[in-house]
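Asker: Dumping the structure here so I can ask a few things about it.
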Amino acid sequence: MATVKLSQLKKDFTESLSQISRFWGFPKGMGAIFGVLYLSPAPLSLDEIAAQTGLTKGAVSTEVRTLARMGLVHRSTKLGDRKDYYEAETDFYAAIRSILRERQNSEFNHAVRSVGETLAQLESGAVSGDEAEIEFIHQRVKALQEFFDAIDSLAKAVIRLESLGIANVTKILGVLK
């Protein structure tokens with residue numbers, strides 16, 4: 001296997017998390033910031049994060065606030081230093097729980113509700129137009145609603161699992177393998 005410099009490995013990892021972030025509908029910068037913080041042995045300042053990600057300090061500040069709200073990044077301070085420092089959440093169960101709780105965001109709920117309202121209109125028979133197109137759109141909207149329902153069920157199940165504790169969940173999952 002070819003030798004890879006640690007700096008390149010970290011850069012590739014950060015880029016991978018950027019792509020994953022984008023896939024899940026979050027800005028690429030959020031994934032890059034999380035990747036840099038996750039691989040950092042010590043909390044980093046906004047300036048340090050900006051330098052390592054290539055993002056502007058303003059963009060880093062905005063994305064870090066969002067990551068903090070989601071519970072994926074935590075703020076800390078250093079005695080005698082006025083700067084805030086940030087570190088990544090390393091408990092993946094907590095991170096997934098935070099992401100699923102973000103699902104409760106009012107903007108997302110509004111979008112999900114509007115899909116449901118569209119489906120209700122289509123199913124009421126009150127939509128006029130080309131019947132084949134109406135049926136096509138109905139099938140598409142119904143599939144999206146079913147996906148949202150599945151995500152809701154998953155979120156509720158993961159949040160319910162929280163009451164069992166991570167050790168018990170790990171045991172249960174180990175038995176299922």
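Chain lettering (A, B, ...) mirrors the order of the structure tokens, residue numbering begins at 1 for each chain separately, and ligand numbering begins at 1 in order of display.
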Applying 7 Å and only C-alpha atoms, which residues near stretch 130-140 of chain A remain after dropping the ones on its own chain fewer than 4 positions away? List them as a list in words.
Answerer: Leu119, Leu122 and Leu144 of chain A
Asker: Can you work out the spacing between atom CA of A:Tyr38 and atom CA of A:Ala88 in Å, to one decimal?
Answerer: 5.0 Å
Asker: Show which residues sit within 7 Å of A:Lys57, as a list in words. Count only C-alpha atoms, and ignore same-chain residues fewer than 3 positions away.
Answerer: Leu46, Asp47, Ala50, Val60 and Ser61 of chain A
Asker: Would you write out those residues with C-alpha atoms, as a PDB file, in the first residue's frame?
Answerer:
ATOM      1  CA  LEU A  46     -13.096  29.813  14.478  1.00  0.00           C
ATOM      2  CA  ASP A  47      -9.843  31.093  12.935  1.00  0.00           C
ATOM      3  CA  ALA A  50     -11.434  28.550   8.812  1.00  0.00           C
ATOM      4  CA  VAL A  60     -17.549  28.958   9.785  1.00  0.00           C
ATOM      5  CA  SER A  61     -19.305  30.983  12.472  1.00  0.00           C
TER       6      SER A  61
END
Asker: Taking only C-alpha atoms into account, which of A:Gly71, A:Pro43, A:Pro27, A:Gly116 comes nearest A:Glu87?
Answerer: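 For A:Glu87, the nearest of the given residues is A:Pro43.
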Asker: Using only C-alpha atoms, determine which residues lie at most 10 Å from A:Lys83, disregarding the query and same-chain residues fewer than 4 positions distant; provide the list as a PyMOL selection string.
Answerer: chain A and resi 44-47+76-79
Asker: Write to file, as a compact mmCIF listing (two decimals), in the first residue's frame, the residues of the selection just made, with N, CA and C atoms.
Answerer:
# COMPACT_ATOMS: atom_id res chain seq x y z
N LEU A 44 -10.84 23.71 18.64
CA LEU A 44 -10.28 24.69 17.71
C LEU A 44 -11.10 25.98 17.75
N SER A 45 -10.42 27.10 17.48
CA SER A 45 -11.08 28.39 17.37
C SER A 45 -11.68 28.53 15.97
N LEU A 46 -12.53 29.55 15.80
CA LEU A 46 -13.10 29.81 14.48
C LEU A 46 -12.00 30.06 13.45
N ASP A 47 -10.95 30.81 13.85
CA ASP A 47 -9.84 31.09 12.94
C ASP A 47 -9.15 29.80 12.50
N SER A 76 -16.38 25.49 23.93
CA SER A 76 -15.62 25.50 25.17
C SER A 76 -14.76 26.76 25.19
N THR A 77 -14.18 27.04 26.32
CA THR A 77 -13.30 28.21 26.46
C THR A 77 -12.00 27.78 27.08
N LYS A 78 -11.02 28.66 26.95
CA LYS A 78 -9.72 28.42 27.59
C LYS A 78 -9.50 29.58 28.56
N LEU A 79 -9.07 29.25 29.74
CA LEU A 79 -8.83 30.24 30.77
C LEU A 79 -7.89 31.33 30.26
Asker: Name the residues in contact with stretch 15-20 of chain A at a cut-off of 10 Å, using only C-alpha atoms, excluding same-chain residues fewer than 2 positions from it; report them as a PyMOL selection string.
Answerer: chain A and resi 9-13+22-36+53
